[in-house]
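What follows is target_4.cif (mmCIF, C-alpha atoms).
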```cif
data_upload
#
loop_
_atom_site.label_atom_id
_atom_site.label_comp_id
_atom_site.auth_asym_id
_atom_site.auth_seq_id
_atom_site.Cartn_x
_atom_site.Cartn_y
_atom_site.Cartn_z
CA MET Y 222 15.99 60.69 19.58
CA THR Y 223 18.07 58.02 17.88
CA GLU Y 224 17.81 57.27 14.21
CA PRO Y 225 15.59 54.25 13.46
CA LYS Y 226 17.56 51.12 12.65
CA PRO Y 227 16.97 48.94 9.59
CA ALA Y 228 14.07 46.52 10.25
CA PRO Y 229 14.99 42.96 11.21
CA VAL Y 230 14.45 40.36 8.49
CA PRO Y 231 12.40 37.35 9.66
CA ASP Y 232 14.16 34.00 9.66
CA PHE Y 233 12.21 31.74 7.28
CA GLY Y 234 14.65 28.91 7.83
CA ASP Y 235 16.00 29.07 4.29
CA ASP Y 236 19.57 28.70 5.47
CA SER Y 237 19.08 25.80 7.87
CA GLU Y 238 20.82 22.96 6.07
CA ALA Y 239 19.65 19.70 7.63
CA GLY Y 240 15.91 19.84 6.95
CA ARG Y 241 13.50 18.98 9.73
CA LYS Y 242 11.55 15.82 9.09
CA LEU Y 243 8.19 14.69 10.51
CA ALA Y 244 6.64 11.23 10.27
CA ILE Y 245 3.04 10.68 11.25
CA ILE Y 246 1.64 7.19 11.72
CA CYS Y 247 -2.10 7.21 11.07
CA SER Y 248 -3.58 4.14 12.74
CA LYS Y 249 -7.21 5.21 13.19
CA GLY Y 250 -9.92 5.39 10.55
CA SER Y 251 -12.56 7.55 12.16
CA LEU Y 252 -13.22 11.07 10.92
CA ASP Y 253 -12.13 12.70 14.16
CA MET Y 254 -8.86 10.76 14.22
CA ALA Y 255 -8.02 11.49 10.58
CA TYR Y 256 -7.97 15.24 10.99
CA PRO Y 257 -5.20 15.63 13.58
CA ALA Y 258 -2.75 13.95 11.20
CA LEU Y 259 -3.96 15.94 8.19
CA VAL Y 260 -3.88 19.28 10.00
CA LEU Y 261 -0.46 18.74 11.58
CA GLY Y 262 1.07 17.26 8.45
CA ASN Y 263 -0.21 20.16 6.39
CA ALA Y 264 1.01 22.72 8.93
CA ALA Y 265 4.47 21.14 8.96
CA LEU Y 266 4.66 21.32 5.17
CA GLY Y 267 3.80 25.02 5.36
CA GLU Y 268 6.79 25.42 7.66
CA GLY Y 269 9.14 23.81 5.19
CA VAL Y 270 9.30 20.48 7.03
CA GLU Y 271 9.62 17.20 5.08
CA VAL Y 272 6.50 15.19 5.93
CA HIS Y 273 5.74 11.46 5.61
CA LEU Y 274 2.32 10.05 6.46
CA PHE Y 275 2.22 6.30 7.05
CA PHE Y 276 -1.22 4.69 7.02
CA THR Y 277 -1.69 1.48 8.95
CA PHE Y 278 -4.52 -0.70 10.27
CA TRP Y 279 -7.74 1.32 10.63
CA GLY Y 280 -5.92 4.36 9.26
CA PHE Y 281 -6.01 2.60 5.88
CA ASP Y 282 -9.57 3.85 5.42
CA ILE Y 283 -8.16 7.40 5.01
CA ILE Y 284 -6.41 6.37 1.77
CA THR Y 285 -8.71 3.59 0.53
CA LYS Y 286 -10.64 4.97 -2.45
CA LYS Y 287 -13.83 3.17 -1.44
CA ARG Y 288 -13.76 4.48 2.13
CA MET Y 289 -11.88 7.77 2.29
CA HIS Y 290 -14.87 9.97 1.49
CA ASN Y 291 -17.09 8.27 4.05
CA LEU Y 292 -15.12 8.32 7.28
CA LYS Y 293 -17.41 8.43 10.29
CA PHE Y 294 -17.51 9.88 13.74
CA THR Y 295 -19.29 8.06 16.54
CA PRO Y 296 -20.02 9.33 20.04
CA VAL Y 297 -20.03 5.70 21.29
CA GLY Y 298 -17.41 5.26 23.97
CA ASN Y 299 -16.43 8.91 23.71
CA THR Y 300 -17.50 10.76 26.84
CA ALA Y 301 -16.21 14.03 25.42
CA ALA Y 302 -19.02 13.93 22.85
CA HIS Y 303 -21.38 14.66 25.77
CA VAL Y 304 -24.13 12.32 24.61
CA PRO Y 305 -25.53 9.80 27.15
CA GLN Y 306 -23.99 6.48 26.13
CA PRO Y 307 -27.29 4.57 25.69
CA VAL Y 308 -28.38 7.34 23.29
CA ALA Y 309 -25.02 7.35 21.48
CA ALA Y 310 -25.56 3.69 20.56
CA LEU Y 311 -29.01 4.20 19.03
CA PRO Y 312 -29.34 3.54 15.29
CA GLY Y 313 -28.70 6.65 13.18
CA ILE Y 314 -26.76 8.59 15.82
CA THR Y 315 -23.41 7.95 14.14
CA ALA Y 316 -24.75 9.28 10.85
CA VAL Y 317 -26.10 12.41 12.51
CA ALA Y 318 -22.90 13.00 14.49
CA THR Y 319 -20.81 12.47 11.34
CA SER Y 320 -22.73 14.94 9.24
CA MET Y 321 -22.63 17.48 12.07
CA MET Y 322 -18.87 17.17 12.37
CA LYS Y 323 -18.38 17.39 8.59
CA LYS Y 324 -20.45 20.56 8.54
CA GLN Y 325 -18.47 22.10 11.42
CA ILE Y 326 -15.22 21.30 9.62
CA ALA Y 327 -16.46 22.76 6.32
CA ASP Y 328 -17.82 25.86 8.08
CA ILE Y 329 -14.35 26.91 9.19
CA GLY Y 330 -12.96 26.44 5.69
CA VAL Y 331 -11.11 23.18 6.33
CA PRO Y 332 -11.28 20.78 3.37
CA ALA Y 333 -12.85 17.31 3.28
CA VAL Y 334 -10.47 14.33 3.56
CA GLY Y 335 -9.87 13.80 -0.17
CA GLU Y 336 -9.28 17.44 -0.89
CA PHE Y 337 -7.06 17.74 2.17
CA LEU Y 338 -4.89 14.87 0.92
CA ASP Y 339 -4.68 16.64 -2.47
CA GLN Y 340 -3.41 19.76 -0.70
CA ILE Y 341 -0.87 17.79 1.33
CA VAL Y 342 0.50 16.12 -1.79
CA ALA Y 343 0.59 19.46 -3.68
CA SER Y 344 2.57 20.88 -0.76
CA GLY Y 345 5.14 18.11 -1.14
CA GLY Y 346 3.92 15.61 1.46
CA HIS Y 347 4.59 11.88 1.05
CA LEU Y 348 1.94 9.19 1.60
CA TRP Y 349 2.80 5.56 2.35
CA ALA Y 350 0.64 2.50 2.94
CA CYS Y 351 1.46 -0.30 5.37
CA ARG Y 352 2.37 -3.67 3.86
CA MET Y 353 0.88 -5.81 6.62
CA SER Y 354 -2.45 -3.95 6.56
CA ALA Y 355 -2.61 -4.19 2.76
CA ASP Y 356 -1.98 -7.95 2.94
CA MET Y 357 -4.57 -8.45 5.70
CA MET Y 358 -7.24 -6.44 3.93
CA LYS Y 359 -6.25 -7.75 0.49
CA LEU Y 360 -5.81 -4.25 -0.88
CA ARG Y 361 -3.50 -3.28 -3.74
CA MET Y 362 -2.11 0.00 -5.04
CA GLU Y 363 -5.08 0.42 -7.39
CA ASP Y 364 -7.45 0.37 -4.40
CA LEU Y 365 -5.63 3.28 -2.82
CA TYR Y 366 -5.73 7.04 -3.30
CA ASP Y 367 -3.66 7.78 -6.41
CA ALA Y 368 -0.92 9.82 -4.76
CA VAL Y 369 0.07 7.05 -2.32
CA GLU Y 370 3.69 6.46 -3.28
CA GLY Y 371 3.95 2.84 -2.27
CA ILE Y 372 3.05 -0.02 0.00
CA ILE Y 373 6.02 -0.40 2.30
CA ASN Y 374 6.90 -2.60 5.24
CA ALA Y 375 7.73 -1.59 8.76
CA SER Y 376 11.50 -1.77 8.19
CA ASP Y 377 11.26 0.45 5.11
CA PHE Y 378 9.37 2.97 7.20
CA ILE Y 379 11.91 2.91 10.04
CA GLU Y 380 14.74 3.31 7.55
CA MET Y 381 12.99 6.11 5.67
CA THR Y 382 12.25 8.13 8.79
CA ALA Y 383 15.75 8.12 10.27
CA GLY Y 384 16.16 11.27 12.30
CA ALA Y 385 12.50 12.27 11.92
CA GLN Y 386 10.20 13.44 14.65
CA LEU Y 387 7.42 10.93 15.05
CA LEU Y 388 3.71 11.19 15.83
CA PHE Y 389 1.52 8.15 16.38
CA ILE Y 390 -2.17 8.89 15.98
CA MET E 137 6.06 48.67 18.10
CA PRO E 138 9.57 49.73 17.11
CA VAL E 139 9.99 52.08 14.19
CA ALA E 140 12.56 50.86 11.70
CA THR E 141 13.66 51.60 8.20
CA ILE E 142 13.08 49.44 5.16
CA ASN E 143 14.53 50.72 1.94
CA GLY E 144 14.83 54.21 3.43
CA SER E 145 11.23 54.55 4.59
CA GLU E 146 10.33 54.54 8.27
CA VAL E 147 7.75 51.91 9.22
CA GLN E 148 6.48 50.15 12.33
CA VAL E 149 7.57 46.52 12.54
CA ASP E 150 7.13 43.71 15.06
CA ASP E 151 10.04 41.91 16.71
CA GLU E 152 10.49 39.57 13.75
CA GLY E 153 10.38 42.31 11.13
CA PHE E 154 6.78 41.93 9.86
CA LEU E 155 5.06 45.26 9.22
CA ALA E 156 2.99 46.13 12.28
CA ASN E 157 0.71 48.48 10.41
CA PRO E 158 -0.62 47.17 7.07
CA ASP E 159 -1.52 50.74 6.05
CA GLN E 160 2.17 51.63 5.82
CA TRP E 161 2.61 49.14 3.01
CA ASN E 162 3.10 50.12 -0.61
CA GLU E 163 4.27 48.30 -3.72
CA GLU E 164 7.77 49.68 -3.57
CA LEU E 165 8.06 48.43 0.00
CA ALA E 166 6.87 44.99 -1.15
CA GLU E 167 9.75 44.83 -3.63
CA ALA E 168 12.18 45.70 -0.85
CA LEU E 169 10.68 43.17 1.60
CA ALA E 170 10.78 40.47 -1.07
CA SER E 171 14.37 41.13 -2.01
CA GLN E 172 15.39 40.97 1.67
CA ILE E 173 14.26 37.33 1.68
CA GLY E 174 15.73 36.56 -1.72
CA ILE E 175 12.58 36.80 -3.83
CA ASN E 176 12.38 38.78 -7.04
CA LEU E 177 8.71 39.61 -7.61
CA THR E 178 7.36 38.47 -10.99
CA ALA E 179 3.84 39.04 -12.33
CA GLU E 180 2.72 35.77 -10.74
CA HIS E 181 4.14 36.73 -7.33
CA TRP E 182 2.26 40.00 -7.63
CA LYS E 183 -0.99 38.23 -8.39
CA ALA E 184 -0.70 36.44 -5.05
CA VAL E 185 0.45 39.50 -3.11
CA ARG E 186 -2.36 41.65 -4.49
CA PHE E 187 -4.88 38.97 -3.58
CA LEU E 188 -3.58 38.96 0.00
CA ARG E 189 -3.96 42.74 0.19
CA ASP E 190 -7.49 42.74 -1.24
CA ASP E 191 -8.63 39.82 0.87
CA PHE E 192 -7.22 41.33 4.04
CA LYS E 193 -9.03 44.57 3.27
CA GLN E 194 -12.30 42.68 2.99
CA THR E 195 -12.00 40.15 5.80
CA GLY E 196 -9.54 41.74 8.20
CA GLU E 197 -7.56 38.50 8.23
CA THR E 198 -4.52 37.24 6.36
CA PRO E 199 -5.75 34.49 4.01
CA THR E 200 -4.40 30.96 4.35
CA ILE E 201 -2.53 29.32 1.48
CA ARG E 202 -5.65 27.34 0.59
CA ARG E 203 -7.68 30.51 0.29
CA ILE E 204 -4.93 32.23 -1.71
CA SER E 205 -4.80 29.31 -4.12
CA ALA E 206 -8.59 29.31 -4.56
CA GLY E 207 -8.72 33.09 -4.94
CA THR E 208 -5.89 33.45 -7.46
CA GLY E 209 -6.13 30.19 -9.36
CA ILE E 210 -2.41 29.61 -8.66
CA ASP E 211 -2.10 25.99 -7.53
CA ILE E 212 -0.52 25.21 -4.19
CA LYS E 213 2.45 23.47 -5.78
CA THR E 214 3.30 26.66 -7.68
CA LEU E 215 2.92 28.79 -4.55
CA PHE E 216 5.57 26.59 -2.93
CA VAL E 217 7.84 27.28 -5.91
CA LEU E 218 7.20 31.04 -5.92
CA PHE E 219 7.61 31.41 -2.14
CA PRO E 220 9.77 28.42 -1.16
CA LYS E 221 9.54 26.50 2.12
CA LYS E 222 7.17 28.74 4.08
CA PRO E 223 4.87 30.20 1.45
CA ALA E 224 2.06 31.44 3.69
CA LYS E 225 4.40 33.36 5.99
CA LYS E 226 6.54 34.73 3.17
CA MET E 227 3.50 35.98 1.30
CA ALA E 228 2.18 37.66 4.45
CA TYR E 229 5.57 39.27 5.04
CA ILE E 230 5.82 40.67 1.53
CA ALA E 231 2.19 41.85 1.61
CA GLY E 232 2.85 43.68 4.87
CA LEU E 233 0.26 41.63 6.76
CA PRO E 234 0.29 39.64 10.00
CA LYS E 235 1.01 35.89 9.79
CA PRO E 236 -2.10 33.82 8.99
CA ARG E 237 -4.08 32.93 12.11
CA GLY E 238 -5.89 29.79 10.91
CA CYS E 239 -4.53 26.23 11.20
CA VAL E 240 -5.31 25.22 7.62
#
```
Reformat the file's structure so that it appears as structure tokens.
Amino acid sequence: MTEPKPAPVPDFGDDSEAGRKLAIICSKGSLDMAYPALVLGNAALGEGVEVHLFFTFWGFDIITKKRMHNLKFTPVGNTAAHVPQPVAALPGITAVATSMMKKQIADIGVPAVGEFLDQIVASGGHLWACRMSADMMKLRMEDLYDAVEGIINASDFIEMTAGAQLLFI
Amino acid sequence: MPVATINGSEVQVDDEGFLANPDQWNEELAEALASQIGINLTAEHWKAVRFLRDDFKQTGETPTIRRISAGTGIDIKTLFVLFPKKPAKKMAYIAGLPKPRGCV
């Protein structure tokens, strides 16, 4: 019988110098397309990764004060929702599908969009809005979720995310 | 699970060094685990660690950072200061619990 050795100490990455960086481009504004970015961004922050979320085109709804709390899910055109397409297009189905999905998300303890953004910002995440989308939709900083750091153009984004891993959603 | 020593006591650990048996945890061990990863436990650290222990006892699962924040009243920003970079995993390590299973 050999003497037990001292336990290994987990590597929490504290010593890795060049920090890992993740940039997520959020281009879709439906409820089901907002969550992948929020979940992955949040998870990366919990792993000590620097995270930048860039909202563009339809993804603008996720950070537009007027819209962010009312993102919707529709089974139209989505065969994985397993609803016959003529039924999916009936009036009221989107509302039903949306409230069902919101309930499923809440049931597993995952926050609603606004609260999730609060958590991401509290964890050190950075939120950016796309200049071209803002111009097209005539939206200004005051129309956007308060923690959005700025409306930036595509070049700014490319410059800012040098060396980052990139996700386009 | 290999048996190893932490601060002189023999405990079961997994390959990474997390306690494999939460029942072998005690407060002295927590101090030793924390100091191994460069954390000196203050009253606020303890508030979080004790919540993890109590919650695990009740639910059988390591709470996520969101649940820890809600349960202790310590905001998430502060948890990132107390347990830098990887707060959820560091808290689990110090509390002698498995890493959180949930995504959020």
#### Entry: Residue list for chain E near chain Y as a PyMOL selection string, 6 Å, all atoms listed in the file
chain E and resi 140-142+152-153+212-213+221-222
Worksheet item: Hey, what's within 12 Å of His181 of chain E if we count only C-alpha atoms and toss same-chain stuff fewer than 3 positions away? As an MDAnalysis selection string, please?
Response: chainID E and resid 166:167 170 175:178 184:188 204 208 210 214:220 223 226:228 230:231
Query raised in the report: Near segment 275-280 of chain Y, counting only C-alpha atoms, which residues have an atom at most 6 Å away, once you skip same-chain residues fewer than 5 positions from it, shown as an NGL selection string?
Result: :Y and (246-250 or 349-351 or 354)
Note to self: Here's the selection I'm unsure about, the PyMOL selection byres ((chain Y and resi 296) around 10); applied to the file above, which residues does it give, as JSON, numbers by chain?
What the structure shows: {"Y": [294, 295, 297, 298, 299, 300, 301, 302, 303, 304, 305, 306, 308, 309, 310, 314, 315, 318, 319]}
Report as a compact mmCIF listing (two decimals) with C-alpha atoms, in the frame of the given file all protein, DNA and RNA residues lying within 6 Å of segment 365-382 of chain Y, evaluated on all atoms listed in the file, omitting residues in the same chain fewer than 2 positions from it.
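To be explicit, this is the file written out as part.txt:
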```txt
# COMPACT_ATOMS: atom_id res chain seq x y z
CA ILE Y 284 -6.41 6.37 1.77
CA THR Y 285 -8.71 3.59 0.53
CA LYS Y 286 -10.64 4.97 -2.45
CA LEU Y 348 1.94 9.19 1.60
CA TRP Y 349 2.80 5.56 2.35
CA ALA Y 350 0.64 2.50 2.94
CA CYS Y 351 1.46 -0.30 5.37
CA ARG Y 352 2.37 -3.67 3.86
CA MET Y 362 -2.11 0.00 -5.04
CA GLU Y 363 -5.08 0.42 -7.39
CA ALA Y 385 12.50 12.27 11.92
```
For the structure provided, state which residues fall under the PyMOL selection byres ((chain Y and resi 333) around 12), and present them as a ChimeraX atom specification. /Y:252-253,255-256,259-260,283,289-292,320,322-332,334-340 /E:240
Report task. Using the chain letters and residue numbers of this document, give as number ranges by chain the residues selected by the PyMOL selection byres ((chain E and resi 148) around 7). Result -> E: 137-140, 147, 149, 155-157
Checklist entry - atom CA of Cys239 of chain E and atom CA of Asp159 of chain E, how far apart in Å? => result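 Computing it gives 25.2 Å between the two atoms.
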Rounded to one decimal in Å, what is the spacing between atom CA of Gly384 of chain Y and atom CA of Gly240 of chain Y?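 Computing it gives 10.1 Å between the two atoms.
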